[in-house]
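One file, run.tsv, is given below (TSV, C-alpha atoms and all ligand atoms).
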```
chain	number	residue	atom	x	y	z
F	100	MET	CA	77.03	94.28	99.68
F	101	LEU	CA	80.45	95.82	99.92
F	102	VAL	CA	81.97	95.85	103.36
F	103	LYS	CA	83.05	99.30	104.52
F	104	PRO	CA	85.38	100.47	107.27
F	105	LEU	CA	83.78	100.52	110.72
F	106	LEU	CA	83.10	103.99	112.03
F	107	HIS	CA	82.82	104.76	115.71
F	108	GLU	CA	81.15	108.09	115.35
F	109	ALA	CA	81.23	108.90	119.06
F	110	LEU	CA	85.03	108.87	118.97
F	111	CYS	CA	85.31	111.16	115.95
F	112	ASN	CA	86.60	114.63	116.78
F	113	GLY	CA	85.91	116.01	113.33
F	114	CYS	CA	89.57	116.69	112.53
F	115	GLY	CA	89.09	115.62	108.92
F	116	LEU	CA	92.45	113.86	108.55
F	117	CYS	CA	90.86	110.68	107.22
F	118	LEU	CA	89.19	112.66	104.44
F	119	THR	CA	92.50	113.98	103.26
F	120	VAL	CA	94.11	110.56	102.88
F	121	CYS	CA	91.09	108.92	101.31
F	122	GLU	CA	92.00	109.06	97.63
F	123	CYS	CA	88.59	108.07	96.42
F	124	GLY	CA	86.33	110.43	98.34
F	125	ALA	CA	84.51	107.69	100.21
F	126	LEU	CA	84.42	109.67	103.44
F	127	VAL	CA	82.66	112.89	104.42
F	128	LEU	CA	82.11	114.86	107.56
F	129	VAL	CA	78.47	115.58	108.29
F	130	ARG	CA	78.10	118.13	111.08
F	131	ASN	CA	81.66	117.35	112.12
F	132	VAL	CA	81.10	113.62	112.38
F	133	ILE	CA	82.59	111.10	110.01
F	134	LYS	CA	80.34	109.22	107.55
F	135	ILE	CA	80.92	106.98	104.60
F	136	ILE	CA	78.93	107.95	101.56
F	137	GLU	CA	80.66	106.37	98.63
F	138	VAL	CA	81.03	102.78	99.71
F	139	GLU	CA	81.55	101.69	96.13
F	140	SER	CA	84.68	103.74	95.77
F	141	CYS	CA	86.32	102.58	98.99
F	142	GLY	CA	89.21	100.30	98.13
F	143	TYR	CA	89.78	99.26	101.74
F	144	CYS	CA	93.30	100.65	101.71
F	145	THR	CA	93.20	101.21	105.53
F	146	GLU	CA	94.87	104.63	105.23
F	147	CYS	CA	91.98	106.33	107.04
F	148	GLU	CA	92.39	103.92	109.95
F	149	LEU	CA	96.12	104.61	110.01
F	150	VAL	CA	95.84	108.38	110.31
F	151	CYS	CA	92.81	108.69	112.58
F	152	PRO	CA	94.13	110.02	115.90
F	153	THR	CA	91.13	108.87	117.95
F	154	GLY	CA	90.57	105.31	116.77
F	155	ALA	CA	87.23	106.26	115.24
F	156	ILE	CA	87.87	104.19	112.12
F	157	GLU	CA	88.65	100.50	111.96
F	158	CYS	CA	89.30	98.38	108.90
F	159	PRO	CA	88.94	94.81	110.07
F	160	PHE	CA	89.68	91.83	107.83
F	161	GLU	CA	87.94	88.51	107.49
F	162	ILE	CA	90.32	85.65	107.19
F	163	VAL	CA	89.02	82.96	104.89
F	164	ILE	CA	90.23	79.96	103.02
F	165	GLU	CA	89.49	79.29	99.38
F	166	ASP	CA	86.70	76.78	99.03
F	167	SER	CA	88.75	74.68	96.71
F	168	ILE	CA	91.15	73.90	99.51
F	169	GLU	CA	90.21	70.99	101.72
F	170	ILE	CA	90.01	71.98	105.33
F	171	THR	CA	91.49	69.53	107.72
F	172	ILE	CA	92.09	70.58	111.25
F	173	GLU	CA	95.29	68.98	112.27
F	174	GLU	CA	97.62	70.28	114.87
A	6	MET	CA	100.89	132.49	111.49
A	7	ALA	CA	102.32	133.13	114.90
A	8	ILE	CA	103.78	130.34	116.96
A	9	GLU	CA	101.35	129.54	119.75
A	10	ILE	CA	102.52	128.95	123.28
A	11	ASP	CA	99.58	126.65	124.00
A	12	LEU	CA	100.62	124.40	121.16
A	13	LEU	CA	104.20	124.34	122.37
A	14	LYS	CA	102.96	123.38	125.81
A	15	SER	CA	101.30	120.27	124.43
A	16	VAL	CA	104.56	119.03	122.89
A	17	PRO	CA	106.28	116.46	125.14
A	18	TYR	CA	109.65	118.13	124.49
A	19	PHE	CA	108.51	121.18	126.41
A	20	LEU	CA	106.64	119.48	129.22
A	21	GLY	CA	107.03	121.21	132.55
A	22	LEU	CA	108.58	124.40	131.18
A	23	SER	CA	107.21	127.71	132.42
A	24	THR	CA	105.39	130.13	130.16
A	25	ALA	CA	108.35	132.50	130.43
A	26	GLU	CA	110.73	129.78	129.26
A	27	LEU	CA	108.40	128.87	126.41
A	28	GLU	CA	108.20	132.53	125.39
A	29	ALA	CA	111.99	132.52	125.08
A	30	ILE	CA	112.05	129.24	123.17
A	31	LYS	CA	109.31	130.45	120.86
A	32	GLN	CA	111.78	132.89	119.26
A	33	HIS	CA	113.62	129.92	117.81
A	34	VAL	CA	110.61	128.08	116.45
A	35	PHE	CA	109.63	128.31	112.80
A	36	GLU	CA	106.45	127.12	111.20
A	37	GLN	CA	106.21	125.07	108.06
A	38	SER	CA	103.27	123.52	106.33
A	39	ALA	CA	102.96	120.82	103.72
A	40	GLN	CA	100.27	119.30	101.56
A	41	ARG	CA	99.45	115.63	101.44
A	42	ASN	CA	102.20	113.64	99.69
A	43	ASP	CA	104.76	116.46	99.98
A	44	MET	CA	108.20	115.16	100.89
A	45	ILE	CA	109.30	116.92	104.06
A	46	LEU	CA	112.67	115.26	104.49
A	47	LEU	CA	114.81	113.09	102.27
A	48	GLU	CA	116.85	110.24	103.64
A	49	GLU	CA	120.61	110.94	103.68
A	50	GLU	CA	120.25	114.66	103.06
A	51	ALA	CA	121.94	117.02	105.48
A	52	SER	CA	119.63	117.58	108.35
A	53	GLN	CA	118.42	121.05	109.18
A	54	ALA	CA	115.97	120.76	112.01
A	55	VAL	CA	113.88	118.77	114.43
A	56	TYR	CA	110.14	118.96	113.74
A	57	PHE	CA	107.02	118.79	115.86
A	58	VAL	CA	103.70	117.88	114.28
A	59	VAL	CA	101.13	120.53	115.20
A	60	SER	CA	98.35	119.10	113.08
A	61	GLY	CA	98.11	116.30	110.58
A	62	VAL	CA	100.04	113.07	110.21
A	63	VAL	CA	103.41	112.26	108.64
A	64	LYS	CA	105.01	108.99	107.72
A	65	VAL	CA	108.67	108.24	108.46
A	66	PHE	CA	110.04	105.57	106.13
A	67	LYS	CA	113.03	104.06	104.44
A	68	THR	CA	113.22	102.73	100.92
A	69	SER	CA	115.23	99.62	100.07
A	70	VAL	CA	117.39	99.26	96.97
A	71	GLU	CA	114.58	97.29	95.35
A	72	GLY	CA	112.30	100.23	96.00
A	73	LYS	CA	110.33	98.65	98.81
A	74	GLU	CA	109.10	100.95	101.49
A	75	GLN	CA	109.35	100.20	105.17
A	76	ILE	CA	107.37	102.47	107.46
A	77	LEU	CA	109.38	103.22	110.58
A	78	CYS	CA	106.68	105.16	112.35
A	79	ILE	CA	103.61	107.29	111.89
A	80	VAL	CA	103.98	110.64	113.64
A	81	LYS	CA	100.86	112.42	114.85
A	82	ALA	CA	100.11	115.77	116.48
A	83	GLY	CA	102.33	116.51	119.49
A	84	GLU	CA	105.06	114.10	118.42
A	85	SER	CA	108.45	114.87	116.92
A	86	PHE	CA	110.64	113.56	114.13
A	87	ASN	CA	114.22	113.90	112.90
A	88	ASP	CA	115.43	114.37	116.47
A	89	ILE	CA	118.29	111.96	116.01
A	90	ALA	CA	119.90	113.85	113.15
A	91	VAL	CA	119.68	117.11	115.04
A	92	PHE	CA	121.44	115.73	118.08
A	93	ASP	CA	124.16	113.69	116.38
A	94	GLY	CA	124.72	116.09	113.48
A	95	GLY	CA	124.40	113.34	110.88
A	96	PRO	CA	122.16	113.28	107.81
A	97	ASN	CA	118.42	112.57	107.98
A	98	PRO	CA	118.15	108.91	108.91
A	99	ALA	CA	114.89	108.44	106.99
A	100	SER	CA	112.52	110.16	104.60
A	101	VAL	CA	109.37	111.85	105.78
A	102	ILE	CA	106.24	112.45	103.75
A	103	ALA	CA	102.99	114.20	104.67
A	104	MET	CA	100.06	111.79	104.75
A	105	THR	CA	97.60	114.64	105.25
A	106	PRO	CA	97.97	118.41	105.10
A	107	VAL	CA	100.31	119.17	107.98
A	108	VAL	CA	101.47	122.07	110.06
A	109	LEU	CA	104.87	121.64	111.64
A	110	TYR	CA	106.94	123.55	114.11
A	111	GLY	CA	110.66	123.25	113.59
A	112	ILE	CA	113.80	124.18	115.47
A	113	THR	CA	117.11	124.23	113.64
A	114	LYS	CA	120.08	122.32	114.92
A	115	THR	CA	121.97	125.42	116.03
A	116	ASP	CA	118.92	126.85	117.75
A	117	MET	CA	118.27	123.57	119.51
A	118	GLU	CA	121.80	123.66	120.89
A	119	THR	CA	121.25	127.17	122.17
A	120	ILE	CA	117.93	126.20	123.73
A	121	LEU	CA	119.43	123.19	125.48
A	122	ARG	CA	122.24	125.30	126.90
A	123	LYS	CA	119.80	127.86	128.25
A	124	HIS	CA	117.19	125.41	129.47
A	125	PRO	CA	119.07	122.34	130.64
A	126	ASN	CA	115.97	120.85	132.26
A	127	LEU	CA	114.65	120.27	128.77
A	128	ALA	CA	117.30	117.60	128.39
A	129	THR	CA	115.38	115.26	130.69
A	130	ASN	CA	112.39	115.42	128.36
A	131	VAL	CA	114.60	114.87	125.34
A	132	ILE	CA	116.23	111.83	126.92
A	133	LYS	CA	112.82	110.34	127.67
A	134	ILE	CA	111.60	110.92	124.13
A	135	LEU	CA	114.74	109.54	122.54
A	136	SER	CA	114.67	106.49	124.80
A	137	LYS	CA	111.10	105.79	123.82
A	138	LYS	CA	112.10	106.01	120.19
A	139	VAL	CA	115.08	103.73	120.64
A	140	ARG	CA	112.80	101.20	122.29
A	141	HIS	CA	110.38	101.36	119.36
A	142	PHE	CA	113.19	100.93	116.84
A	143	VAL	CA	114.82	98.09	118.73
A	144	SER	CA	111.64	96.06	118.63
A	145	LEU	CA	111.13	96.99	114.99
A	146	VAL	CA	114.64	95.81	114.10
A	147	GLU	CA	114.08	92.57	115.92
A	148	ASP	CA	110.81	91.94	114.13
A	149	LEU	CA	112.12	92.89	110.71
A	150	SER	CA	115.37	91.01	110.85
A	151	PHE	CA	113.96	87.74	112.05
A	152	ARG	CA	111.53	85.72	110.14
A	153	HIS	CA	109.39	85.04	113.18
A	154	VAL	CA	106.75	87.73	112.75
A	155	THR	CA	105.76	86.56	109.28
A	156	ASP	CA	105.76	83.01	110.59
A	157	ARG	CA	103.62	83.90	113.59
A	158	LEU	CA	101.27	85.84	111.35
A	159	ALA	CA	101.06	82.82	109.05
A	160	LYS	CA	100.05	80.73	112.05
A	161	LEU	CA	97.41	83.23	113.12
A	162	LEU	CA	95.90	83.43	109.63
A	163	LEU	CA	95.89	79.67	109.39
A	164	GLU	CA	94.10	79.28	112.70
A	165	TYR	CA	91.48	81.86	111.85
A	166	ALA	CA	90.92	80.53	108.38
A	167	THR	CA	90.63	76.98	109.63
A	168	ASP	CA	88.27	77.83	112.46
A	169	HIS	CA	86.00	80.31	110.77
A	170	GLY	CA	86.90	80.62	107.20
A	171	ARG	CA	84.92	78.82	104.54
A	172	ILE	CA	84.04	81.56	102.08
A	173	SER	CA	80.61	80.09	101.43
A	174	GLU	CA	79.74	79.85	105.09
A	175	GLY	CA	78.94	82.36	107.77
A	176	GLU	CA	79.17	85.48	105.64
A	177	GLY	CA	79.11	88.53	107.86
A	178	GLN	CA	79.40	86.54	111.05
A	179	ARG	CA	83.04	85.72	111.06
A	180	PRO	CA	85.27	87.42	113.57
A	181	ARG	CA	87.24	90.15	111.85
A	182	LEU	CA	90.66	91.46	112.79
A	183	THR	CA	92.20	94.87	112.20
A	184	GLN	CA	95.91	95.07	111.39
A	185	GLN	CA	96.36	96.60	114.82
A	186	GLU	CA	94.72	93.58	116.44
A	187	MET	CA	96.83	91.18	114.40
A	188	ALA	CA	99.90	93.12	115.52
A	189	ALA	CA	98.89	92.77	119.16
A	190	MET	CA	98.19	89.06	118.71
A	191	VAL	CA	101.54	88.22	117.18
A	192	GLY	CA	103.38	90.68	119.40
A	193	THR	CA	104.60	93.25	116.94
A	194	ALA	CA	103.90	96.72	115.58
A	195	ARG	CA	101.26	97.48	113.00
A	196	GLU	CA	103.98	98.68	110.62
A	197	VAL	CA	105.38	95.16	110.59
A	198	VAL	CA	102.01	93.49	110.02
A	199	GLY	CA	101.43	95.55	106.88
A	200	ARG	CA	104.77	94.47	105.51
A	201	SER	CA	104.34	90.83	106.53
A	202	LEU	CA	100.95	90.65	104.81
A	203	LYS	CA	102.54	92.01	101.67
A	204	ALA	CA	105.34	89.46	101.95
A	205	LEU	CA	102.86	86.61	102.37
A	206	GLU	CA	100.95	87.84	99.35
A	207	GLU	CA	104.11	88.06	97.25
A	208	GLU	CA	105.07	84.55	98.28
A	209	GLY	CA	101.69	83.36	97.07
A	210	ALA	CA	100.36	82.20	100.42
A	211	ILE	CA	97.48	84.64	100.66
A	212	ARG	CA	95.54	87.06	98.50
A	213	MET	CA	94.28	90.40	99.76
A	214	ASP	CA	90.76	90.76	98.51
A	215	ARG	CA	89.38	94.03	99.81
A	216	HIS	CA	88.29	93.31	103.39
A	217	ARG	CA	89.28	89.68	103.08
A	218	ILE	CA	92.52	87.87	103.53
A	219	VAL	CA	92.11	84.74	101.45
A	220	VAL	CA	94.35	81.78	102.15
A	221	VAL	CA	95.32	80.44	98.74
A	222	ASN	CA	98.19	78.17	99.71
A	223	LYS	CA	97.44	76.52	102.97
A	224	LYS	CA	100.42	74.24	102.75
A	225	LEU	CA	102.82	77.13	102.49
A	226	LEU	CA	101.29	78.76	105.55
A	227	GLN	CA	101.55	75.48	107.42
A	228	GLU	CA	105.22	75.19	106.56
A	229	MET	CA	105.87	78.70	107.70
A	230	SER	CA	104.05	78.29	110.96
A	231	GLY	CA	105.72	74.98	111.71
A	232	VAL	CA	102.45	73.03	111.58
A	233	THR	CA	102.93	69.79	109.72
A	234	GLY	CA	100.41	67.56	108.01
A	235	GLY	CA	97.21	68.51	106.21
W	301	LIG	S1	90.46	111.12	111.31
W	301	LIG	FE1	89.19	110.14	112.89
W	301	LIG	S2	88.67	111.79	114.31
W	301	LIG	FE2	89.42	112.78	112.42
W	301	LIG	S3	87.54	113.16	111.19
W	301	LIG	FE3	88.34	111.17	110.57
W	301	LIG	S4	87.24	109.69	111.88
W	301	LIG	FE4	86.98	111.70	112.82
W	302	LIG	S1	89.81	102.36	103.49
W	302	LIG	FE1	90.85	103.77	102.05
W	302	LIG	S2	89.36	104.06	100.41
W	302	LIG	FE2	88.21	103.21	102.14
W	302	LIG	S3	87.43	104.97	103.27
W	302	LIG	FE3	89.41	104.45	104.18
W	302	LIG	S4	90.91	105.74	103.11
W	302	LIG	FE4	89.01	105.73	101.88
```

Turn this file's structure into structure tokens for me.
Amino acid sequence: MLVKPLLHEALCNGCGLCLTVCECGALVLVRNVIKIIEVESCGYCTECELVCPTGAIECPFEIVIEDSIEITIEE
Amino acid sequence: MAIEIDLLKSVPYFLGLSTAELEAIKQHVFEQSAQRNDMILLEEEASQAVYFVVSGVVKVFKTSVEGKEQILCIVKAGESFNDIAVFDGGPNPASVIAMTPVVLYGITKTDMETILRKHPNLATNVIKILSKKVRHFVSLVEDLSFRHVTDRLAKLLLEYATDHGRISEGEGQRPRLTQQEMAAMVGTAREVVGRSLKALEEEGAIRMDRHRIVVVNKKLLQEMSGVTGG
């Protein structure tokens, strides 16, 4: 399943700014609250997070290591 | 559309001014709107005005000779941009583009001078705002001119990847970090994290894979972060 930006709907003020930066139409406002409908088209560009004035959108990253690389924990 | 006093009141520049004073200032304010991706100001062009964002978001940035963009700041409703050029009379120090549809209020350089002469108490607000901006830029300069942010970010990525990061394990349970959180953790601004991630990707240390930052060259990250061995 594709990971999508995290929405904190309670913080959303319905301003619609995120919709206008989202090139791929992944976001919509439903009764003035932000929702993601088109997860497939979200490229995780983080623009929506950047413009949201209320912190209602977060685009967190997982930090992983390629399996081919041996993991040795050495300080 | 008429300039609204209530909107002016919410702009830090005009904090503490009476309605009568704002009514007088209002005569000098013009409104301008722009669509997403419209250039509002071009770097090095003669500056005309200081702008206040009424609604929407703009991006203030500079472009290097190689065409790389460095975001200087993101300006949201209530905040101003191009103040410096208006007060020192020089050209626009940076370019400004609309990230969303925006409505701006502007005051031309000459009008701003008139306003300041008539309402000297406004100067205190302006000094505060400019000082805040200088502080932001000073820390930005520090972070951009020294290698240490990228190095600290390399260390952070390495630690997270080592502690939590086998791709095949723990899908969906790993701690995730926003760019804002990474910025706070390495002690910098989000603008710098975006650029540092790009730099690390260009150097071949990591790969951005949608919501994942994949460490592809652990050794390189170790060198950068000053961790030896492995
Ligand atoms: S930018 Fe933020 S507050 Fe505005 S509609 Fe989008 S999620 Fe809601
Ligand atoms: S991360 Fe980018 S593509 Fe995905 S919803 Fe936000 S703006 Fe749209």

Show me, as a Markdown table, the residues of chain F having an atom within 8 Å of ligand LIG 301 (chain W), each with the closest atom pair and its distance in Å, using only C-alpha atoms and all ligand atoms.
```
| residue | atom | partner | partner_atom | distance |
| --- | --- | --- | --- | --- |
| F:Leu106 | CA | W:LIG301 | S4 | 7.0 |
| F:His107 | CA | W:LIG301 | S4 | 7.6 |
| F:Glu108 | CA | W:LIG301 | S4 | 7.2 |
| F:Leu110 | CA | W:LIG301 | S2 | 6.6 |
| F:Cys111 | CA | W:LIG301 | FE4 | 3.6 |
| F:Asn112 | CA | W:LIG301 | S2 | 4.3 |
| F:Gly113 | CA | W:LIG301 | S3 | 3.9 |
| F:Cys114 | CA | W:LIG301 | FE2 | 3.9 |
| F:Gly115 | CA | W:LIG301 | S3 | 3.7 |
| F:Leu116 | CA | W:LIG301 | S1 | 4.4 |
| F:Cys117 | CA | W:LIG301 | S1 | 4.1 |
| F:Leu118 | CA | W:LIG301 | FE3 | 6.4 |
| F:Leu128 | CA | W:LIG301 | S3 | 6.7 |
| F:Asn131 | CA | W:LIG301 | S3 | 7.3 |
| F:Val132 | CA | W:LIG301 | FE4 | 6.2 |
| F:Ile133 | CA | W:LIG301 | S4 | 5.2 |
| F:Cys147 | CA | W:LIG301 | S1 | 6.6 |
| F:Glu148 | CA | W:LIG301 | S1 | 7.6 |
| F:Val150 | CA | W:LIG301 | S1 | 6.1 |
| F:Cys151 | CA | W:LIG301 | S1 | 3.6 |
| F:Pro152 | CA | W:LIG301 | FE1 | 5.8 |
| F:Thr153 | CA | W:LIG301 | S2 | 5.3 |
| F:Gly154 | CA | W:LIG301 | FE1 | 6.3 |
| F:Ala155 | CA | W:LIG301 | S4 | 4.8 |
| F:Ile156 | CA | W:LIG301 | S4 | 5.5 |
```

Only C-alpha atoms, please: the residues just picked out, written as a CSV table (one decimal), in the coordinates of the input.
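And here is the file that came out, again-v2.csv:
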```
chain,number,residue,atom,x,y,z
F,106,LEU,CA,83.1,104.0,112.0
F,107,HIS,CA,82.8,104.8,115.7
F,108,GLU,CA,81.2,108.1,115.4
F,110,LEU,CA,85.0,108.9,119.0
F,111,CYS,CA,85.3,111.2,116.0
F,112,ASN,CA,86.6,114.6,116.8
F,113,GLY,CA,85.9,116.0,113.3
F,114,CYS,CA,89.6,116.7,112.5
F,115,GLY,CA,89.1,115.6,108.9
F,116,LEU,CA,92.4,113.9,108.6
F,117,CYS,CA,90.9,110.7,107.2
F,118,LEU,CA,89.2,112.7,104.4
F,128,LEU,CA,82.1,114.9,107.6
F,131,ASN,CA,81.7,117.4,112.1
F,132,VAL,CA,81.1,113.6,112.4
F,133,ILE,CA,82.6,111.1,110.0
F,147,CYS,CA,92.0,106.3,107.0
F,148,GLU,CA,92.4,103.9,110.0
F,150,VAL,CA,95.8,108.4,110.3
F,151,CYS,CA,92.8,108.7,112.6
F,152,PRO,CA,94.1,110.0,115.9
F,153,THR,CA,91.1,108.9,118.0
F,154,GLY,CA,90.6,105.3,116.8
F,155,ALA,CA,87.2,106.3,115.2
F,156,ILE,CA,87.9,104.2,112.1
```

- Which residue out of F:Tyr143, F:Phe160, F:Lys103, F:Val138 has the minimum interatomic distance to ligand LIG 302 (chain W) when only C-alpha atoms and all ligand atoms are used? F:Tyr143

- Message: Give me the residues near F:Ala125 as a PyMOL selection string, where near means some atom within 7 Å (using only C-alpha atoms) and where sequence neighbours in that chain fewer than 6 positions away do not count.
- Response: chain F and resi 135-138+140-141

Can you write out as JSON lines which residues of chain A fall within 7 Å of chain F, alongside each residue's closest atom pair and its distance in Å to one decimal, counting only C-alpha atoms and ordering rows by chain and ascending residue number?
```
{"residue": "A:Gly61", "atom": "CA", "partner": "F:Leu116", "partner_atom": "CA", "distance": 6.5}
{"residue": "A:Val62", "atom": "CA", "partner": "F:Val150", "partner_atom": "CA", "distance": 6.3}
{"residue": "A:Met104", "atom": "CA", "partner": "F:Val120", "partner_atom": "CA", "distance": 6.4}
{"residue": "A:Thr105", "atom": "CA", "partner": "F:Thr119", "partner_atom": "CA", "distance": 5.5}
{"residue": "A:Leu162", "atom": "CA", "partner": "F:Ile162", "partner_atom": "CA", "distance": 6.5}
{"residue": "A:Tyr165", "atom": "CA", "partner": "F:Ile162", "partner_atom": "CA", "distance": 6.1}
{"residue": "A:Ala166", "atom": "CA", "partner": "F:Val163", "partner_atom": "CA", "distance": 4.7}
{"residue": "A:Thr167", "atom": "CA", "partner": "F:Ile170", "partner_atom": "CA", "distance": 6.6}
{"residue": "A:Gly170", "atom": "CA", "partner": "F:Val163", "partner_atom": "CA", "distance": 3.9}
{"residue": "A:Arg171", "atom": "CA", "partner": "F:Ile164", "partner_atom": "CA", "distance": 5.6}
{"residue": "A:Ile172", "atom": "CA", "partner": "F:Val163", "partner_atom": "CA", "distance": 5.9}
{"residue": "A:Arg179", "atom": "CA", "partner": "F:Glu161", "partner_atom": "CA", "distance": 6.7}
{"residue": "A:Pro180", "atom": "CA", "partner": "F:Glu161", "partner_atom": "CA", "distance": 6.7}
{"residue": "A:Arg181", "atom": "CA", "partner": "F:Glu161", "partner_atom": "CA", "distance": 4.7}
{"residue": "A:Leu182", "atom": "CA", "partner": "F:Pro159", "partner_atom": "CA", "distance": 4.6}
{"residue": "A:Thr183", "atom": "CA", "partner": "F:Pro159", "partner_atom": "CA", "distance": 3.9}
{"residue": "A:Arg215", "atom": "CA", "partner": "F:Tyr143", "partner_atom": "CA", "distance": 5.6}
{"residue": "A:His216", "atom": "CA", "partner": "F:Phe160", "partner_atom": "CA", "distance": 4.9}
{"residue": "A:Arg217", "atom": "CA", "partner": "F:Glu161", "partner_atom": "CA", "distance": 4.8}
{"residue": "A:Ile218", "atom": "CA", "partner": "F:Ile162", "partner_atom": "CA", "distance": 4.8}
{"residue": "A:Val219", "atom": "CA", "partner": "F:Val163", "partner_atom": "CA", "distance": 5.0}
{"residue": "A:Val220", "atom": "CA", "partner": "F:Ile164", "partner_atom": "CA", "distance": 4.6}
{"residue": "A:Val221", "atom": "CA", "partner": "F:Glu165", "partner_atom": "CA", "distance": 6.0}
{"residue": "A:Val232", "atom": "CA", "partner": "F:Glu174", "partner_atom": "CA", "distance": 6.5}
{"residue": "A:Gly234", "atom": "CA", "partner": "F:Glu173", "partner_atom": "CA", "distance": 6.8}
{"residue": "A:Gly235", "atom": "CA", "partner": "F:Thr171", "partner_atom": "CA", "distance": 6.0}
```

- To one decimal in Å, tell me the separation between atom CA of A:Val80 and atom CA of F:Glu139. 29.8 Å

- Separation of atom CA of A:Ala188 from atom CA of A:Val55 in Å: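 Between atom CA of A:Val55 and atom CA of A:Ala188 the gap is 29.2 Å.
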
- Item | Point-to-point distance in Å for atom CA of A:Gly21 and atom CA of A:Glu118 | 19.0 Å

Please return stretch 131-142 of chain F, rebuilt to N, CA, C and O atoms, as a PDB file, in the coordinates of the input.
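Resulting contents of selection-v1.pdb:
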```pdb
ATOM      1  N   ASN F 131      80.453 117.678 111.374  1.00  0.00           N
ATOM      2  CA  ASN F 131      81.660 117.350 112.120  1.00  0.00           C
ATOM      3  C   ASN F 131      81.773 115.904 112.588  1.00  0.00           C
ATOM      4  O   ASN F 131      82.544 115.600 113.490  1.00  0.00           O
ATOM      5  N   VAL F 132      80.974 115.033 112.016  1.00  0.00           N
ATOM      6  CA  VAL F 132      81.100 113.620 112.380  1.00  0.00           C
ATOM      7  C   VAL F 132      81.311 112.823 111.096  1.00  0.00           C
ATOM      8  O   VAL F 132      80.692 113.082 110.071  1.00  0.00           O
ATOM      9  N   ILE F 133      82.210 111.861 111.187  1.00  0.00           N
ATOM     10  CA  ILE F 133      82.590 111.100 110.010  1.00  0.00           C
ATOM     11  C   ILE F 133      81.476 110.177 109.510  1.00  0.00           C
ATOM     12  O   ILE F 133      80.781 109.554 110.285  1.00  0.00           O
ATOM     13  N   LYS F 134      81.312 110.136 108.181  1.00  0.00           N
ATOM     14  CA  LYS F 134      80.340 109.220 107.550  1.00  0.00           C
ATOM     15  C   LYS F 134      80.970 108.669 106.275  1.00  0.00           C
ATOM     16  O   LYS F 134      81.794 109.332 105.661  1.00  0.00           O
ATOM     17  N   ILE F 135      80.507 107.510 105.895  1.00  0.00           N
ATOM     18  CA  ILE F 135      80.920 106.980 104.600  1.00  0.00           C
ATOM     19  C   ILE F 135      79.764 107.158 103.630  1.00  0.00           C
ATOM     20  O   ILE F 135      78.665 106.737 103.918  1.00  0.00           O
ATOM     21  N   ILE F 136      80.029 107.820 102.520  1.00  0.00           N
ATOM     22  CA  ILE F 136      78.930 107.950 101.560  1.00  0.00           C
ATOM     23  C   ILE F 136      79.154 107.067 100.346  1.00  0.00           C
ATOM     24  O   ILE F 136      78.253 106.411  99.877  1.00  0.00           O
ATOM     25  N   GLU F 137      80.396 107.087  99.872  1.00  0.00           N
ATOM     26  CA  GLU F 137      80.660 106.370  98.630  1.00  0.00           C
ATOM     27  C   GLU F 137      81.284 105.015  98.917  1.00  0.00           C
ATOM     28  O   GLU F 137      82.467 104.814  98.723  1.00  0.00           O
ATOM     29  N   VAL F 138      80.495 104.087  99.366  1.00  0.00           N
ATOM     30  CA  VAL F 138      81.030 102.780  99.710  1.00  0.00           C
ATOM     31  C   VAL F 138      81.691 102.120  98.508  1.00  0.00           C
ATOM     32  O   VAL F 138      82.740 101.497  98.607  1.00  0.00           O
ATOM     33  N   GLU F 139      81.054 102.310  97.360  1.00  0.00           N
ATOM     34  CA  GLU F 139      81.550 101.690  96.130  1.00  0.00           C
ATOM     35  C   GLU F 139      83.005 102.054  95.846  1.00  0.00           C
ATOM     36  O   GLU F 139      83.766 101.247  95.345  1.00  0.00           O
ATOM     37  N   SER F 140      83.349 103.298  96.161  1.00  0.00           N
ATOM     38  CA  SER F 140      84.680 103.740  95.770  1.00  0.00           C
ATOM     39  C   SER F 140      85.743 103.414  96.818  1.00  0.00           C
ATOM     40  O   SER F 140      86.925 103.617  96.591  1.00  0.00           O
ATOM     41  N   CYS F 141      85.329 102.897  97.958  1.00  0.00           N
ATOM     42  CA  CYS F 141      86.320 102.580  98.990  1.00  0.00           C
ATOM     43  C   CYS F 141      87.076 101.311  98.629  1.00  0.00           C
ATOM     44  O   CYS F 141      86.489 100.261  98.446  1.00  0.00           O
ATOM     45  N   GLY F 142      88.383 101.443  98.505  1.00  0.00           N
ATOM     46  CA  GLY F 142      89.210 100.300  98.130  1.00  0.00           C
ATOM     47  C   GLY F 142      89.777  99.555  99.323  1.00  0.00           C
ATOM     48  O   GLY F 142      90.611  98.684  99.178  1.00  0.00           O
TER      49      GLY F 142
END
```
